[in-house]
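Below: one structure, written as structure tokens.
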Amino acid sequence: MMKCCRRVALVLLGLWFVFCISVLGGRAEAAASRANDAPIVLLHGFTGWGREEMFGFKYWGGVRGDIEQWLNDNGYRTYTLAVGPLSSNWDRACEAYAQLVGGTVDYGAAHAAKHGHARFGRTYPGLLPELKRGGRIHIIAHSQGGQTARMLVSLLENGSQEEREYAKAHNVSLSPLFEGGHHFVLSVTTIATPHDGTTLVNMVDFTDRFFDLQKAVLEAAAVASNVPYTSQVYDFKLDQWGLRRQPGESFDHYFERLKRSPVWTSTDTARYDLSVPGAEKLNQWVKASPNTYYLSFATERTYRGALTGNYYPELGMNAFSAVVCAPFLGSYRNATLGIDDRWLENDGIVNTFSMNGPKRGSTDRIVPYDGTIKKGVWNYMGTYNVDHLEVIGVDPNPLFDIRAFYLRLAEQLASLQP
């Protein structure tokens with residue numbers, strides 16, 4: 001009996017050894033075959049949040065799991081940024097830079113003076129401080145995160161002439177971000193990004209609607225975490241505007257105070273940057289870098305009505321978008337802004353037409369993906385039948401294999417020549 005048990009144990013041990021060798025060997029072989037080992041950085045969109053917020057309900061993965069963990073488990077070193085969910089792309093890019101290399105967020109002396117908020121923000125230890133000495137990263141960005149990533153690349157490489165001149169004229173310090181000459185972003189992947197803006201901003205009550213959307217997401221996360229939504233750990237990161245939650249202030253009161261703040265009339269907010277005119281202004285100076293690969297993925301979850309020509313939400317779109325947002329996006333036309341029928345298809349938050357790359361005010365080239373990803377142009381990777389939240393897992397879609405999507409993308413990024 002003892003010999004039999006020993007034999008079984010040896011067989012099981014041998015099988016385990018073979019399994020480990022095959023798995024580890026496979027990973028080592030895959031890693032060895034990669035053209036680069038640049039880490040991946042995930043950059044969230046409008047109203048997004050970081051890994052330590054929302055009691056573990058992940059922006060990148062949501063009800064479907066944890067995209068960062070999936071990628072790390074498969075040998076793709078991955079990190080997640082947490083920038084201002086309602087802030088302008090400039091402010092978010094400055095925050096992303098500080099979070100990556102470490103140090104205090106510097107929004108720029110000229111920028112701060114122009115828009116009337118504090119110049120300096122929070123201080124971070126740095127996720128990848130070695131980037132100061134060299135190295136490259138891949139940025140995968142969702143929604144507004146794509147605009148932010150583009151601006152970050154532009155500031156890293158070209159800096160800001162306005163900030164340099166202001167620093168010289170006023171004898172103040174200058175952030176390395178505004179000096180230019182940094183080339184550490186190997187690729188930018190945008191998913192459902194409003195490169196030309198989203199017409200949702202043209203809703204009369206846009207601010208109210210999007211605060212309502214944020215509240216809906218908080219409530220969904222509360223259900224997933226089995227805690228009251230008012231106790232959610234959600235950070236609006238508006239320190240530069242002095243908009244912090246006060247001691248003893250209820251979450252609902254703070255939420256309403258933010259909602260009614262005059263800040264939203266400023267052009268230094270996400271609201272302006274996400275508008276069609278705001279996106280066009282950004283496109284005029286934020287250009288594709290010849291040193292960086294650009295990939296764009298579009299999403300849609302609507303169908304065209306035969307009688308009206310308008311687009312309507314498909315069955316399965318998340319309820320908030322289906323009821324509040326998609327019908328507006330699918331019917332809004334504006335001849336003055338050049339918003340025609342091409343803009344009607346949408347994913348419940350962003351017009352699909354806006355997602356393949358910057359067009360309005362831009363000289364960037366957009367080319368269909370032909371099997372080879374090219375530098376310096378927008379490689380349009382196609383349109384997926386998922387809504388704005390399904391593509392990141394915040395809303396479930398059993399027909400969309402989200403894990404396979406991101407693992408396949410990571411594999412493509414690892415194949416890029418530095």
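For the structure tokens, the naming scheme is as follows: chains receive sequential letters (A, B, ...) according to their order of presentation, residues are indexed from 1 within each chain, and ligands are indexed from 1 in presentation order.
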With a cut-off of 9 Å, could you pull out the residues of segment 108-160 of chain A touching segment 167-188 of chain A and give me the nearest pair of atoms for each, distance in Å to one decimal, using only C-alpha atoms, ordered by chain and ascending number, as JSON lines?
{"residue": "A:Gly108", "atom": "CA", "partner": "A:Ser175", "partner_atom": "CA", "distance": 7.1}
{"residue": "A:Ala109", "atom": "CA", "partner": "A:Ala167", "partner_atom": "CA", "distance": 7.2}
{"residue": "A:Ala110", "atom": "CA", "partner": "A:Ala167", "partner_atom": "CA", "distance": 7.8}
{"residue": "A:Leu131", "atom": "CA", "partner": "A:Phe184", "partner_atom": "CA", "distance": 6.8}
{"residue": "A:Lys132", "atom": "CA", "partner": "A:His182", "partner_atom": "CA", "distance": 8.6}
{"residue": "A:Gly134", "atom": "CA", "partner": "A:Phe184", "partner_atom": "CA", "distance": 6.8}
{"residue": "A:Gly135", "atom": "CA", "partner": "A:Phe184", "partner_atom": "CA", "distance": 5.9}
{"residue": "A:Arg136", "atom": "CA", "partner": "A:Phe184", "partner_atom": "CA", "distance": 4.2}
{"residue": "A:Ile137", "atom": "CA", "partner": "A:Val185", "partner_atom": "CA", "distance": 5.0}
{"residue": "A:His138", "atom": "CA", "partner": "A:Ser187", "partner_atom": "CA", "distance": 4.8}
{"residue": "A:Ile139", "atom": "CA", "partner": "A:Val188", "partner_atom": "CA", "distance": 4.9}
{"residue": "A:Ile140", "atom": "CA", "partner": "A:Val188", "partner_atom": "CA", "distance": 6.1}
{"residue": "A:Ala141", "atom": "CA", "partner": "A:Val188", "partner_atom": "CA", "distance": 7.4}
{"residue": "A:Gly146", "atom": "CA", "partner": "A:Val188", "partner_atom": "CA", "distance": 7.7}
{"residue": "A:Ala149", "atom": "CA", "partner": "A:Val188", "partner_atom": "CA", "distance": 6.8}
{"residue": "A:Arg150", "atom": "CA", "partner": "A:Val188", "partner_atom": "CA", "distance": 7.4}
{"residue": "A:Leu152", "atom": "CA", "partner": "A:Leu177", "partner_atom": "CA", "distance": 8.7}
{"residue": "A:Val153", "atom": "CA", "partner": "A:Val185", "partner_atom": "CA", "distance": 6.6}
{"residue": "A:Ser154", "atom": "CA", "partner": "A:Gly180", "partner_atom": "CA", "distance": 8.4}
{"residue": "A:Leu155", "atom": "CA", "partner": "A:Phe178", "partner_atom": "CA", "distance": 6.2}
{"residue": "A:Leu156", "atom": "CA", "partner": "A:His182", "partner_atom": "CA", "distance": 4.9}
{"residue": "A:Glu157", "atom": "CA", "partner": "A:Gly180", "partner_atom": "CA", "distance": 4.6}
{"residue": "A:Asn158", "atom": "CA", "partner": "A:Gly180", "partner_atom": "CA", "distance": 4.4}
{"residue": "A:Gly159", "atom": "CA", "partner": "A:Gly180", "partner_atom": "CA", "distance": 3.8}
{"residue": "A:Ser160", "atom": "CA", "partner": "A:Phe178", "partner_atom": "CA", "distance": 4.9}
Quick one: of A:Ser87, A:Thr47, A:Thr199, A:Asn36, who's nearest to Asn351 of chain A, counting only C-alpha atoms?
-> A:Thr199
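Closest approach to Pro313 of chain A among A:Asn346, A:Asn385, A:Ser354, A:Asn283: A:Asn346, based on only C-alpha atoms.
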If we count only C-alpha atoms, what is near Leu200 of chain A at a cut-off of 7 Å, once residues fewer than 3 positions away on the same chain are taken out, given as a list in words?
-> Met203, Cys325, Leu329 and Ile349 of chain A
Residue list (strand (DSSP E), DSSP) for segment 153-371 of chain A, as an mmCIF file with all heavy atoms, in the first residue's frame:
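Final file, out_28.cif:
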data_model
loop_
_atom_site.group_PDB
_atom_site.id
_atom_site.type_symbol
_atom_site.label_atom_id
_atom_site.label_comp_id
_atom_site.auth_asym_id
_atom_site.auth_seq_id
_atom_site.Cartn_x
_atom_site.Cartn_y
_atom_site.Cartn_z
ATOM 1 N N VAL A 185 7.337 57.371 -24.468
ATOM 2 C CA VAL A 185 6.083 56.690 -24.800
ATOM 3 C C VAL A 185 6.249 55.991 -26.148
ATOM 4 O O VAL A 185 6.327 56.640 -27.187
ATOM 5 C CB VAL A 185 4.893 57.666 -24.837
ATOM 6 C CG1 VAL A 185 3.612 56.908 -25.195
ATOM 7 C CG2 VAL A 185 4.723 58.364 -23.485
ATOM 8 N N LEU A 186 6.313 54.666 -26.117
ATOM 9 C CA LEU A 186 6.497 53.890 -27.349
ATOM 10 C C LEU A 186 5.203 53.775 -28.131
ATOM 11 O O LEU A 186 5.203 53.821 -29.361
ATOM 12 C CB LEU A 186 7.030 52.496 -27.004
ATOM 13 C CG LEU A 186 7.267 51.529 -28.170
ATOM 14 C CD1 LEU A 186 8.236 52.133 -29.192
ATOM 15 C CD2 LEU A 186 7.788 50.191 -27.662
ATOM 16 N N SER A 187 4.082 53.626 -27.414
ATOM 17 C CA SER A 187 2.797 53.515 -28.109
ATOM 18 C C SER A 187 1.666 54.110 -27.286
ATOM 19 O O SER A 187 1.725 54.136 -26.052
ATOM 20 C CB SER A 187 2.471 52.054 -28.435
ATOM 21 O OG SER A 187 2.026 51.364 -27.279
ATOM 22 N N VAL A 188 0.645 54.566 -27.990
ATOM 23 C CA VAL A 188 -0.598 55.040 -27.378
ATOM 24 C C VAL A 188 -1.748 54.283 -28.038
ATOM 25 O O VAL A 188 -1.900 54.318 -29.258
ATOM 26 C CB VAL A 188 -0.796 56.560 -27.578
ATOM 27 C CG1 VAL A 188 -2.214 56.977 -27.181
ATOM 28 C CG2 VAL A 188 0.228 57.353 -26.788
ATOM 29 N N THR A 189 -2.525 53.595 -27.219
ATOM 30 C CA THR A 189 -3.722 52.909 -27.714
ATOM 31 C C THR A 189 -4.935 53.597 -27.136
ATOM 32 O O THR A 189 -5.044 53.740 -25.909
ATOM 33 C CB THR A 189 -3.736 51.427 -27.298
ATOM 34 O OG1 THR A 189 -2.600 50.766 -27.855
ATOM 35 C CG2 THR A 189 -5.004 50.738 -27.772
ATOM 36 N N THR A 190 -5.843 54.047 -27.998
ATOM 37 C CA THR A 190 -7.054 54.711 -27.525
ATOM 38 C C THR A 190 -8.266 53.823 -27.798
ATOM 39 O O THR A 190 -8.390 53.253 -28.873
ATOM 40 C CB THR A 190 -7.252 56.088 -28.185
ATOM 41 O OG1 THR A 190 -7.493 55.927 -29.586
ATOM 42 C CG2 THR A 190 -6.022 56.963 -27.988
ATOM 43 N N ILE A 191 -9.124 53.710 -26.801
ATOM 44 C CA ILE A 191 -10.319 52.876 -26.885
ATOM 45 C C ILE A 191 -11.534 53.755 -26.625
ATOM 46 O O ILE A 191 -11.665 54.341 -25.554
ATOM 47 C CB ILE A 191 -10.259 51.725 -25.865
ATOM 48 C CG1 ILE A 191 -9.011 50.853 -26.093
ATOM 49 C CG2 ILE A 191 -11.522 50.880 -25.919
ATOM 50 C CD1 ILE A 191 -8.746 49.843 -24.989
ATOM 51 N N TYR A 293 3.900 54.831 -31.790
ATOM 52 C CA TYR A 293 2.848 54.094 -32.489
ATOM 53 C C TYR A 293 1.490 54.511 -31.912
ATOM 54 O O TYR A 293 1.355 54.635 -30.687
ATOM 55 C CB TYR A 293 3.002 52.583 -32.287
ATOM 56 C CG TYR A 293 4.259 51.969 -32.854
ATOM 57 C CD1 TYR A 293 5.386 51.781 -32.052
ATOM 58 C CD2 TYR A 293 4.304 51.535 -34.175
ATOM 59 C CE1 TYR A 293 6.536 51.193 -32.555
ATOM 60 C CE2 TYR A 293 5.449 50.929 -34.687
ATOM 61 C CZ TYR A 293 6.558 50.769 -33.875
ATOM 62 O OH TYR A 293 7.698 50.179 -34.374
ATOM 63 N N TYR A 294 0.505 54.693 -32.772
ATOM 64 C CA TYR A 294 -0.840 55.050 -32.324
ATOM 65 C C TYR A 294 -1.836 54.013 -32.841
ATOM 66 O O TYR A 294 -1.879 53.729 -34.037
ATOM 67 C CB TYR A 294 -1.242 56.436 -32.839
ATOM 68 C CG TYR A 294 -0.413 57.563 -32.270
ATOM 69 C CD1 TYR A 294 0.790 57.949 -32.876
ATOM 70 C CD2 TYR A 294 -0.815 58.242 -31.119
ATOM 71 C CE1 TYR A 294 1.551 58.976 -32.355
ATOM 72 C CE2 TYR A 294 -0.057 59.272 -30.593
ATOM 73 C CZ TYR A 294 1.131 59.630 -31.214
ATOM 74 O OH TYR A 294 1.888 60.653 -30.690
ATOM 75 N N LEU A 295 -2.639 53.459 -31.929
ATOM 76 C CA LEU A 295 -3.683 52.501 -32.280
ATOM 77 C C LEU A 295 -5.019 53.043 -31.780
ATOM 78 O O LEU A 295 -5.088 53.559 -30.645
ATOM 79 C CB LEU A 295 -3.435 51.136 -31.638
ATOM 80 C CG LEU A 295 -2.209 50.316 -32.038
ATOM 81 C CD1 LEU A 295 -0.927 50.860 -31.417
ATOM 82 C CD2 LEU A 295 -2.394 48.862 -31.611
ATOM 83 N N SER A 296 -6.055 52.943 -32.592
ATOM 84 C CA SER A 296 -7.378 53.395 -32.153
ATOM 85 C C SER A 296 -8.407 52.292 -32.348
ATOM 86 O O SER A 296 -8.454 51.639 -33.394
ATOM 87 C CB SER A 296 -7.805 54.655 -32.916
ATOM 88 O OG SER A 296 -7.904 54.407 -34.305
ATOM 89 N N PHE A 297 -9.217 52.077 -31.309
ATOM 90 C CA PHE A 297 -10.326 51.131 -31.351
ATOM 91 C C PHE A 297 -11.625 51.904 -31.163
ATOM 92 O O PHE A 297 -11.723 52.746 -30.262
ATOM 93 C CB PHE A 297 -10.206 50.098 -30.227
ATOM 94 C CG PHE A 297 -9.073 49.122 -30.399
ATOM 95 C CD1 PHE A 297 -7.789 49.445 -29.977
ATOM 96 C CD2 PHE A 297 -9.290 47.867 -30.964
ATOM 97 C CE1 PHE A 297 -6.740 48.553 -30.122
ATOM 98 C CE2 PHE A 297 -8.247 46.963 -31.108
ATOM 99 C CZ PHE A 297 -6.966 47.302 -30.697
ATOM 100 N N ALA A 298 -12.603 51.633 -31.999
ATOM 101 C CA ALA A 298 -13.909 52.282 -31.892
ATOM 102 C C ALA A 298 -14.933 51.308 -31.325
ATOM 103 O O ALA A 298 -14.769 50.083 -31.411
ATOM 104 C CB ALA A 298 -14.356 52.793 -33.257
ATOM 105 N N THR A 299 -16.001 51.853 -30.750
ATOM 106 C CA THR A 299 -17.083 51.039 -30.202
ATOM 107 C C THR A 299 -18.427 51.602 -30.655
ATOM 108 O O THR A 299 -18.557 52.804 -30.903
ATOM 109 C CB THR A 299 -17.029 51.010 -28.664
ATOM 110 O OG1 THR A 299 -16.968 52.364 -28.165
ATOM 111 C CG2 THR A 299 -15.806 50.268 -28.159
ATOM 112 N N THR A 302 -25.510 50.849 -31.229
ATOM 113 C CA THR A 302 -26.776 51.405 -31.691
ATOM 114 C C THR A 302 -27.122 50.849 -33.074
ATOM 115 O O THR A 302 -26.271 50.274 -33.744
ATOM 116 C CB THR A 302 -26.703 52.941 -31.781
ATOM 117 O OG1 THR A 302 -25.556 53.325 -32.564
ATOM 118 C CG2 THR A 302 -26.589 53.571 -30.400
ATOM 119 N N TYR A 303 -28.364 51.069 -33.484
ATOM 120 C CA TYR A 303 -28.788 50.664 -34.826
ATOM 121 C C TYR A 303 -29.544 51.830 -35.473
ATOM 122 O O TYR A 303 -30.116 52.683 -34.790
ATOM 123 C CB TYR A 303 -29.671 49.417 -34.774
ATOM 124 C CG TYR A 303 -31.019 49.636 -34.105
ATOM 125 C CD1 TYR A 303 -32.149 49.993 -34.853
ATOM 126 C CD2 TYR A 303 -31.157 49.492 -32.719
ATOM 127 C CE1 TYR A 303 -33.374 50.207 -34.242
ATOM 128 C CE2 TYR A 303 -32.385 49.700 -32.101
ATOM 129 C CZ TYR A 303 -33.489 50.063 -32.869
ATOM 130 O OH TYR A 303 -34.696 50.274 -32.259
ATOM 131 N N ARG A 304 -29.541 51.850 -36.784
ATOM 132 C CA ARG A 304 -30.174 52.940 -37.532
ATOM 133 C C ARG A 304 -31.655 52.656 -37.762
ATOM 134 O O ARG A 304 -32.040 51.584 -38.206
ATOM 135 C CB ARG A 304 -29.477 53.124 -38.883
ATOM 136 C CG ARG A 304 -29.967 54.314 -39.688
ATOM 137 C CD ARG A 304 -29.167 54.441 -40.984
ATOM 138 N NE ARG A 304 -29.540 55.637 -41.732
ATOM 139 C CZ ARG A 304 -30.571 55.696 -42.585
ATOM 140 N NH1 ARG A 304 -31.317 54.603 -42.795
ATOM 141 N NH2 ARG A 304 -30.857 56.804 -43.230
ATOM 142 N N TYR A 311 -30.239 56.987 -34.832
ATOM 143 C CA TYR A 311 -29.692 55.757 -34.253
ATOM 144 C C TYR A 311 -30.259 55.550 -32.850
ATOM 145 O O TYR A 311 -30.376 56.498 -32.071
ATOM 146 C CB TYR A 311 -28.167 55.817 -34.223
ATOM 147 C CG TYR A 311 -27.535 55.438 -35.543
ATOM 148 C CD1 TYR A 311 -27.606 56.297 -36.637
ATOM 149 C CD2 TYR A 311 -26.886 54.221 -35.702
ATOM 150 C CE1 TYR A 311 -27.040 55.951 -37.854
ATOM 151 C CE2 TYR A 311 -26.321 53.856 -36.914
ATOM 152 C CZ TYR A 311 -26.405 54.733 -37.990
ATOM 153 O OH TYR A 311 -25.847 54.368 -39.191
ATOM 154 N N TYR A 312 -30.576 54.304 -32.537
ATOM 155 C CA TYR A 312 -31.231 53.952 -31.282
ATOM 156 C C TYR A 312 -30.414 52.890 -30.546
ATOM 157 O O TYR A 312 -29.725 52.078 -31.173
ATOM 158 C CB TYR A 312 -32.635 53.423 -31.558
ATOM 159 C CG TYR A 312 -33.500 54.420 -32.308
ATOM 160 C CD1 TYR A 312 -33.579 54.381 -33.703
ATOM 161 C CD2 TYR A 312 -34.190 55.418 -31.625
ATOM 162 C CE1 TYR A 312 -34.349 55.305 -34.405
ATOM 163 C CE2 TYR A 312 -34.973 56.348 -32.321
ATOM 164 C CZ TYR A 312 -35.037 56.286 -33.707
ATOM 165 O OH TYR A 312 -35.787 57.211 -34.395
ATOM 166 N N PRO A 313 -30.490 52.891 -29.207
ATOM 167 C CA PRO A 313 -29.691 51.928 -28.436
ATOM 168 C C PRO A 313 -30.121 50.487 -28.670
ATOM 169 O O PRO A 313 -31.315 50.186 -28.739
ATOM 170 C CB PRO A 313 -29.946 52.355 -26.980
ATOM 171 C CG PRO A 313 -31.233 53.107 -27.014
ATOM 172 C CD PRO A 313 -31.271 53.794 -28.340
ATOM 173 N N ILE A 366 -4.890 58.899 -40.572
ATOM 174 C CA ILE A 366 -5.564 57.723 -40.035
ATOM 175 C C ILE A 366 -5.570 56.657 -41.122
ATOM 176 O O ILE A 366 -6.045 56.897 -42.229
ATOM 177 C CB ILE A 366 -7.016 58.054 -39.612
ATOM 178 C CG1 ILE A 366 -7.025 59.193 -38.584
ATOM 179 C CG2 ILE A 366 -7.700 56.813 -39.042
ATOM 180 C CD1 ILE A 366 -8.410 59.740 -38.289
ATOM 181 N N VAL A 367 -5.000 55.490 -40.802
ATOM 182 C CA VAL A 367 -4.924 54.416 -41.806
ATOM 183 C C VAL A 367 -5.544 53.146 -41.232
ATOM 184 O O VAL A 367 -5.383 52.839 -40.058
ATOM 185 C CB VAL A 367 -3.460 54.138 -42.222
ATOM 186 C CG1 VAL A 367 -2.837 55.372 -42.852
ATOM 187 C CG2 VAL A 367 -2.622 53.681 -41.026
ATOM 188 N N PRO A 368 -6.278 52.385 -42.051
ATOM 189 C CA PRO A 368 -6.837 51.116 -41.579
ATOM 190 C C PRO A 368 -5.701 50.135 -41.275
ATOM 191 O O PRO A 368 -4.720 50.061 -42.024
ATOM 192 C CB PRO A 368 -7.684 50.626 -42.762
ATOM 193 C CG PRO A 368 -7.848 51.810 -43.655
ATOM 194 C CD PRO A 368 -6.649 52.673 -43.446
#
Show which residues sit within 12 Å of Gly361 of chain A, as a list in words. Count only C-alpha atoms, and ignore same-chain residues fewer than 5 positions away.
-> His195, Asp196, Gly197, Val276, Pro277, Gly278, Ala279, Glu280, Lys281, Leu282, Asn283, Gln284, Trp285, Val286 and Lys287 of chain A
File dump, residues just selected, C-alpha atoms, as a compact mmCIF listing (two decimals), in the first residue's frame:
# COMPACT_ATOMS: atom_id res chain seq x y z
CA HIS A 195 -10.76 62.53 -30.53
CA ASP A 196 -13.11 65.02 -32.20
CA GLY A 197 -15.26 65.46 -29.09
CA VAL A 276 -16.41 69.38 -30.31
CA PRO A 277 -14.83 72.89 -30.27
CA GLY A 278 -12.61 71.94 -27.32
CA ALA A 279 -11.37 68.77 -29.03
CA GLU A 280 -10.72 70.67 -32.25
CA LYS A 281 -8.62 73.23 -30.37
CA LEU A 282 -6.60 70.43 -28.78
CA ASN A 283 -6.15 68.74 -32.18
CA GLN A 284 -4.66 71.90 -33.65
CA TRP A 285 -1.52 71.68 -31.51
CA VAL A 286 -1.38 68.09 -30.24
CA LYS A 287 0.06 66.15 -33.17
Leaving out Thr78 of chain A and any residue of its chain fewer than 6 positions from it, which residues lie within 10 Å of it when counting only C-alpha atoms, given as a PyMOL selection string?
-> chain A and resi 38-42+67-72+137-139+410
Would you work out the distance separating atom CA of Lys259 of chain A from atom CA of Gly48 of chain A, expressed in Å to one decimal?
->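 These atoms are spaced 16.3 Å apart.
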Shell around Arg34 of chain A at 10 Å using only C-alpha atoms, local window under 6 positions removed, as an MDAnalysis selection string | chainID A and resid 411:417
